[in-house]
>>> print(open('final-v2.txt').read())   # compact mmCIF, C-alpha atoms
# COMPACT_ATOMS: atom_id res chain seq x y z
CA LYS N 1 79.70 13.81 -36.19
CA TYR N 2 79.97 17.18 -34.47
CA PHE N 3 83.67 16.79 -33.73
CA ASN N 4 84.26 15.76 -37.34
CA LYS N 5 82.53 18.94 -38.46
CA TYR N 6 84.26 21.15 -35.87
CA PRO N 7 87.54 19.38 -34.89
CA LYS N 8 88.71 22.29 -32.73
CA SER N 9 85.62 22.01 -30.54
CA LYS N 10 86.71 18.75 -28.91
CA TYR N 11 89.38 20.31 -26.68
CA LEU N 12 86.97 22.99 -25.45
CA TYR N 13 84.28 20.36 -24.84
CA GLU N 14 86.63 18.27 -22.71
CA ASN N 15 87.86 21.34 -20.84
CA ILE N 16 84.37 22.57 -19.97
CA PHE N 17 82.87 19.20 -19.09
CA ASN N 18 85.85 18.31 -16.89
CA ARG N 19 85.59 21.66 -15.14
CA LEU N 20 81.88 21.13 -14.49
CA GLN N 21 82.42 17.42 -13.71
CA TRP N 22 79.71 16.57 -16.23
CA PHE N 23 79.02 13.35 -18.03
CA TYR N 24 77.65 13.43 -21.56
CA SER N 25 73.92 13.94 -22.07
CA ILE N 26 72.13 14.96 -25.23
CA ASN N 27 70.92 18.20 -23.63
CA SER N 28 74.28 19.22 -22.17
CA PHE N 29 76.04 18.52 -25.46
CA LYS N 30 73.39 20.48 -27.36
CA SER N 31 74.04 23.48 -25.12
CA PHE N 32 77.76 23.08 -25.72
CA ALA N 33 77.17 23.02 -29.49
CA PHE N 34 75.18 26.25 -29.21
CA PHE N 35 77.94 27.80 -27.11
CA TYR N 36 80.76 26.75 -29.44
CA ARG N 37 79.13 28.40 -32.44
CA PHE N 38 78.19 31.45 -30.38
CA ASN N 39 81.81 31.87 -29.32
CA GLN N 40 82.85 31.99 -32.97
CA PHE N 41 80.85 35.19 -33.46
CA VAL N 42 81.00 36.90 -30.05
CA ASN N 43 84.15 37.71 -28.09
CA LEU N 44 83.57 36.54 -24.52
CA ASN N 45 85.65 39.45 -23.21
CA ASP N 46 82.73 41.66 -24.25
CA LEU N 47 80.55 39.83 -21.71
CA GLU N 48 82.82 40.23 -18.68
CA ASN N 49 81.33 42.22 -15.78
CA SER N 50 77.99 42.40 -17.56
CA ASN N 51 74.34 41.42 -17.13
CA ILE N 52 73.09 38.34 -18.99
CA PHE N 53 69.41 37.47 -19.23
CA GLU N 54 68.00 34.10 -20.28
CA ILE N 55 64.35 33.17 -20.75
CA GLY N 56 63.63 29.47 -20.46
CA SER N 57 66.89 28.57 -18.71
CA GLY N 58 65.65 25.10 -17.68
CA LEU N 59 68.44 23.10 -16.03
CA CYS N 60 70.82 25.99 -16.77
CA ASN N 61 73.15 23.99 -19.01
CA PHE N 62 73.96 26.93 -21.26
CA CYS N 63 74.24 29.25 -18.26
CA MET N 64 76.81 26.99 -16.61
CA ILE N 65 78.82 26.52 -19.81
CA LEU N 66 78.95 30.24 -20.58
CA THR N 67 79.70 31.38 -17.04
CA SER N 68 82.46 28.78 -16.67
CA GLN N 69 84.34 30.90 -19.21
CA LEU N 70 83.75 34.25 -17.46
CA GLU N 71 85.49 35.81 -14.46
CA SER N 72 82.63 38.15 -13.52
CA PHE N 73 78.92 38.17 -14.40
CA SER N 74 75.35 38.75 -13.26
CA TYR N 75 73.08 36.12 -14.82
CA ILE N 76 69.29 36.25 -14.65
CA CYS N 77 67.35 33.05 -15.34
CA LEU N 78 63.63 33.43 -16.04
CA ASP N 79 61.49 30.30 -16.07
CA ILE N 80 58.20 28.84 -14.88
CA PRO N 81 57.89 28.02 -11.15
CA GLU N 82 58.15 24.27 -11.73
CA MET N 83 61.61 24.58 -13.31
CA ILE N 84 63.33 27.01 -10.95
CA PRO N 85 64.12 24.46 -8.18
CA ASN N 86 65.66 22.16 -10.79
CA GLY N 87 67.81 24.90 -12.28
CA TYR N 88 68.88 26.11 -8.83
CA TYR N 89 69.87 22.61 -7.75
CA SER N 90 71.69 21.94 -11.01
CA ILE N 91 73.95 24.97 -10.51
CA TYR N 92 74.37 24.30 -6.79
CA LYS N 93 75.45 20.72 -7.52
CA ASN N 94 77.79 21.41 -10.43
CA CYS N 95 79.23 24.84 -9.60
CA SER N 96 79.64 24.77 -5.83
CA ASP N 97 83.41 25.31 -6.17
CA ASN N 98 83.07 28.36 -8.40
CA LYS N 99 82.00 30.82 -5.68
CA ILE N 100 78.74 31.65 -7.45
CA GLU N 101 76.13 33.37 -5.30
CA LEU N 102 72.59 32.13 -6.01
CA PHE N 103 69.35 34.05 -5.46
CA LEU N 104 65.70 32.94 -5.61
CA PRO N 105 62.75 35.02 -6.92
CA GLN N 106 62.04 36.54 -3.51
CA GLU N 107 65.65 37.78 -3.25
CA ILE N 108 65.80 40.30 -6.10
CA LYS N 109 66.82 43.15 -3.78
CA LYS N 110 69.61 41.03 -2.28
CA PHE N 111 70.80 40.16 -5.77
CA LEU N 112 70.91 43.81 -6.81
CA LYS N 113 72.81 44.82 -3.67
CA SER N 114 75.27 41.94 -3.81
CA LYS N 115 78.89 42.84 -4.62
CA SER N 116 79.69 39.28 -5.70
CA LYS N 117 81.66 38.96 -8.96
CA LYS N 118 79.64 35.86 -9.87
CA LYS N 119 75.93 35.80 -9.16
CA ILE N 120 72.81 34.19 -10.60
CA LEU N 121 69.20 35.20 -9.96
CA PHE N 122 66.13 33.08 -10.72
CA ILE N 123 62.90 34.95 -11.46
CA LEU N 124 59.35 34.21 -12.57
CA PRO N 125 57.79 35.55 -15.80
CA SER N 126 55.69 37.99 -13.75
CA GLN N 127 58.88 39.58 -12.36
CA ILE N 128 60.50 40.62 -15.63
CA ASN N 129 59.62 44.27 -15.04
CA SER N 130 61.38 44.11 -11.67
CA ILE N 131 64.74 43.86 -13.41
CA ASP N 132 65.84 47.40 -14.18
CA LEU N 133 69.28 46.57 -15.52
CA LYS N 134 71.05 47.08 -18.82
CA ILE N 135 71.44 43.69 -20.51
CA LYS N 136 74.58 42.81 -22.49
CA LEU N 137 73.36 39.42 -23.71
CA PHE N 138 69.87 37.97 -24.05
CA VAL N 139 69.46 34.22 -24.58
CA ASN N 140 66.54 32.01 -25.58
CA HIS N 141 66.98 28.46 -26.76
CA GLU N 142 64.02 26.52 -28.09
CA SER N 143 61.31 27.74 -25.72
CA PHE N 144 60.08 30.71 -27.79
CA ALA N 145 58.90 28.21 -30.40
CA GLU N 146 56.62 26.69 -27.75
CA MET N 147 54.86 30.03 -27.18
CA ASP N 148 52.33 31.86 -29.33
CA ILE N 149 53.86 34.68 -31.35
CA SER N 150 52.21 37.44 -29.31
CA THR N 151 53.93 36.13 -26.15
CA VAL N 152 57.28 35.86 -27.96
CA ASN N 153 57.10 39.42 -29.24
CA LYS N 154 55.94 40.73 -25.87
CA TYR N 155 59.09 39.27 -24.33
CA LEU N 156 61.26 40.61 -27.15
CA LYS N 157 59.80 44.10 -26.77
CA GLU N 158 60.54 44.07 -23.05
CA ILE N 159 64.06 42.73 -23.54
CA LYS N 160 64.95 45.15 -26.32
CA SER N 161 64.02 48.04 -24.02
CA LYS N 162 66.64 46.73 -21.55
CA LEU N 163 69.46 46.06 -24.01
CA ASP N 164 72.71 47.94 -23.49
CA LYS N 165 74.76 49.55 -26.25
CA ASN N 166 76.59 46.93 -28.36
CA SER N 167 74.58 44.14 -26.76
CA PHE N 168 73.65 40.76 -28.24
CA VAL N 169 70.52 38.67 -28.71
CA PHE N 170 71.18 34.93 -29.09
CA LEU N 171 68.26 32.80 -30.25
CA VAL N 172 68.05 29.16 -31.32
CA ASN N 173 64.47 28.27 -32.18
CA ARG N 174 62.46 26.19 -34.58
CA ILE N 175 61.76 27.63 -38.03
CA ALA N 176 58.11 26.71 -37.43
CA ARG N 177 56.50 24.84 -34.56
CA GLN N 178 52.91 24.14 -33.68
CA ASN N 179 52.09 25.36 -30.18
CA ALA N 180 48.36 24.63 -30.19
CA HIS N 181 46.75 21.49 -31.58
CA SER N 182 43.16 22.67 -31.92
CA ASN N 183 43.39 22.94 -35.70
CA ASN N 184 46.33 21.42 -37.59
CA LEU N 185 45.42 23.33 -40.74
CA SER N 186 45.42 26.79 -39.12
CA PHE N 187 48.49 29.03 -39.30
CA ASP N 188 47.37 30.55 -36.01
CA THR N 189 48.41 27.37 -34.23
CA TYR N 190 52.04 27.72 -35.37
CA THR N 191 54.86 30.01 -34.25
CA PHE N 192 57.22 31.03 -37.06
CA PHE N 193 60.71 32.39 -36.45
CA SER N 194 60.15 34.76 -39.38
CA ASP N 195 57.46 36.52 -37.30
CA TYR N 196 59.82 37.36 -34.39
CA ASN N 197 60.07 41.12 -33.96
CA LEU N 198 63.81 41.67 -34.24
CA ASP N 199 63.56 45.27 -35.46
CA GLY N 200 66.42 47.45 -34.23
CA LEU N 201 68.92 44.59 -34.24
CA LYS N 202 71.71 44.10 -36.76
CA THR N 203 72.06 40.48 -37.84
CA VAL N 204 75.47 39.04 -36.94
CA VAL N 205 74.56 35.56 -38.12
CA LYS N 206 71.36 33.80 -39.17
CA GLU N 207 71.74 30.22 -40.31
CA ILE N 208 70.40 26.71 -39.88
CA ASP N 209 71.56 25.35 -36.53
CA SER N 210 74.52 23.09 -37.27
CA TYR N 211 73.78 20.79 -34.32
CA ARG N 212 70.23 19.81 -35.24
CA ASP N 213 71.29 19.64 -38.88
CA LEU N 214 73.41 16.59 -38.01
CA PHE N 215 70.22 14.59 -37.47
CA LYS N 216 69.28 13.85 -41.04
CA GLY N 217 65.64 13.17 -41.73
CA ARG N 218 64.55 15.99 -39.41
CA GLU N 219 64.87 18.80 -41.91
CA ILE N 220 61.29 19.98 -41.30
CA ARG N 221 62.23 20.47 -37.64
CA GLU N 222 65.33 22.59 -38.16
CA ASN N 223 66.31 25.39 -35.82
CA VAL N 224 67.32 28.90 -36.78
CA PHE N 225 70.61 29.93 -35.17
CA TYR N 226 70.50 33.70 -34.77
CA ILE N 227 72.73 36.34 -33.20
CA GLY N 228 71.68 39.97 -33.42
CA LYS N 229 73.47 43.05 -32.13
CA LYS N 230 72.07 46.34 -30.94
>>> encode(input="final-v2.txt", output="C-alpha cells")
Amino acid sequence: KYFNKYPKSKYLYENIFNRLQWFYSINSFKSFAFFYRFNQFVNLNDLENSNIFEIGSGLCNFCMILTSQLESFSYICLDIPEMIPNGYYSIYKNCSDNKIELFLPQEIKKFLKSKSKKKILFILPSQINSIDLKIKLFVNHESFAEMDISTVNKYLKEIKSKLDKNSFVFLVNRIARQNAHSNNLSFDTYTFFSDYNLDGLKTVVKEIDSYRDLFKGREIRENVFYIGKK
C-alpha cells in the first residue's frame, strides 16, 4: 500500500535496508516511512556536520536510517535506562562497518572531545542539561504522546533553547492519547498534540501521518506528522 502511494520510495527503501542489512519489520518500515516523508520537506545537505537530538530513540531505527544518508553527524539519543543497551546494541550490530563512534551516558566528555565525523551519544533524561550544543534537528516519534503534557512541554522548552538558526523540529505523535487510566472521562488523563508548545517555530508541514493512515479503521488513533523550523 505504501509503495503504491509513493512509488518512488521503493528504490530508497531497498537501498537503505540493503545498506543496513535489515529485514522487514513493522517498526523499521514505519521509521522508513517517517524518513521518506521527512526527506520530501528537508534537504539532508542541511543536516551535514550538525548536531541531531532525539528523545525516545528506542532501537534507533530512525537514527540509523537518517545517518546512513549523512557523511558527518553528531547524534544524541535520549531514552530511559532500560532502552539504552538495546539501542546501543542495535547500532553496534547493524552499523559496525560505518565507522560510527558510540558513547554511553558516562562518556559525555569523551563524546564532546571526539573528532570523529560520525558519532552517537546515549544519554538519560536527567542529563539533558549536560548537552550544551546547538541542535540542527530535534526528533520525537510517538513517545511524547505517552507523557503528560507538562513533561512534553518541559522537554520542548529545553530543546527550543538549544535549537540553532534554521533548525528543524520533527514530530510524529498521536492527535490524542490517554497516558493515565485513573479516569477515562477526564481530559487530564489525555495528551493532545494541539497542546504542544510549538511557539517560535514556523510550520513547514502539519498533516495526518500517511503511514498510519494506511491502516483503515484506526482513524481515532491517527498521528500528526509535523515539521517546524526555527
>>> residues_around(input="final-v2.txt", residues="Ala33 (chain N)", least_positions_apart="6", cutoff="9 Å", atoms="only C-alpha atoms", output="ChimeraX atom specification")
/N:2,9,13,210-211
>>> write_last_selection(input="final-v2.txt", atoms="C-alpha atoms", output="compact mmCIF listing (two decimals), in the frame of the given file")
# COMPACT_ATOMS: atom_id res chain seq x y z
CA TYR N 2 79.97 17.18 -34.47
CA SER N 9 85.62 22.01 -30.54
CA TYR N 13 84.28 20.36 -24.84
CA SER N 210 74.52 23.09 -37.27
CA TYR N 211 73.78 20.79 -34.32
>>> residues_around(input="final-v2.txt", residues="Asn61 (chain N)", least_positions_apart="6", cutoff="8 Å", atoms="only C-alpha atoms", output="NGL selection string")
:N and (27-28 or 31)
>>> closest_residue(input="final-v2.txt", among="N:Ile52, N:Val152, N:Leu214, N:Leu78", to="Phe168 (chain N)", atoms="only C-alpha atoms")
N:Ile52
>>> atom_distance(input="final-v2.txt", atom1="CA of Met147 (chain N)", atom2="CA of Thr191 (chain N)")
7.1 Å
>>> closest_residue(input="final-v2.txt", among="N:Arg19, N:Asn153, N:Leu137, N:Pro81", to="Asp97 (chain N)", atoms="all atoms listed in the file")
N:Arg19
>>> residues_around(input="final-v2.txt", residues="Pro125 (chain N)", least_positions_apart="3", cutoff="7 Å", atoms="only C-alpha atoms", output="number ranges by chain")
N: 78-80, 128
>>> atom_distance(input="final-v2.txt", atom1="CA of Arg177 (chain N)", atom2="CA of Ser90 (chain N)")
28.2 Å
>>> closest_residue(input="final-v2.txt", among="N:Lys117, N:Tyr6, N:Cys63, N:Leu198", to="Arg37 (chain N)", atoms="all atoms listed in the file")
N:Tyr6
>>> closest_residue(input="final-v2.txt", among="N:Ile26, N:Ile135, N:Ile16, N:Val172", to="Met64 (chain N)", atoms="only C-alpha atoms")
N:Ile16
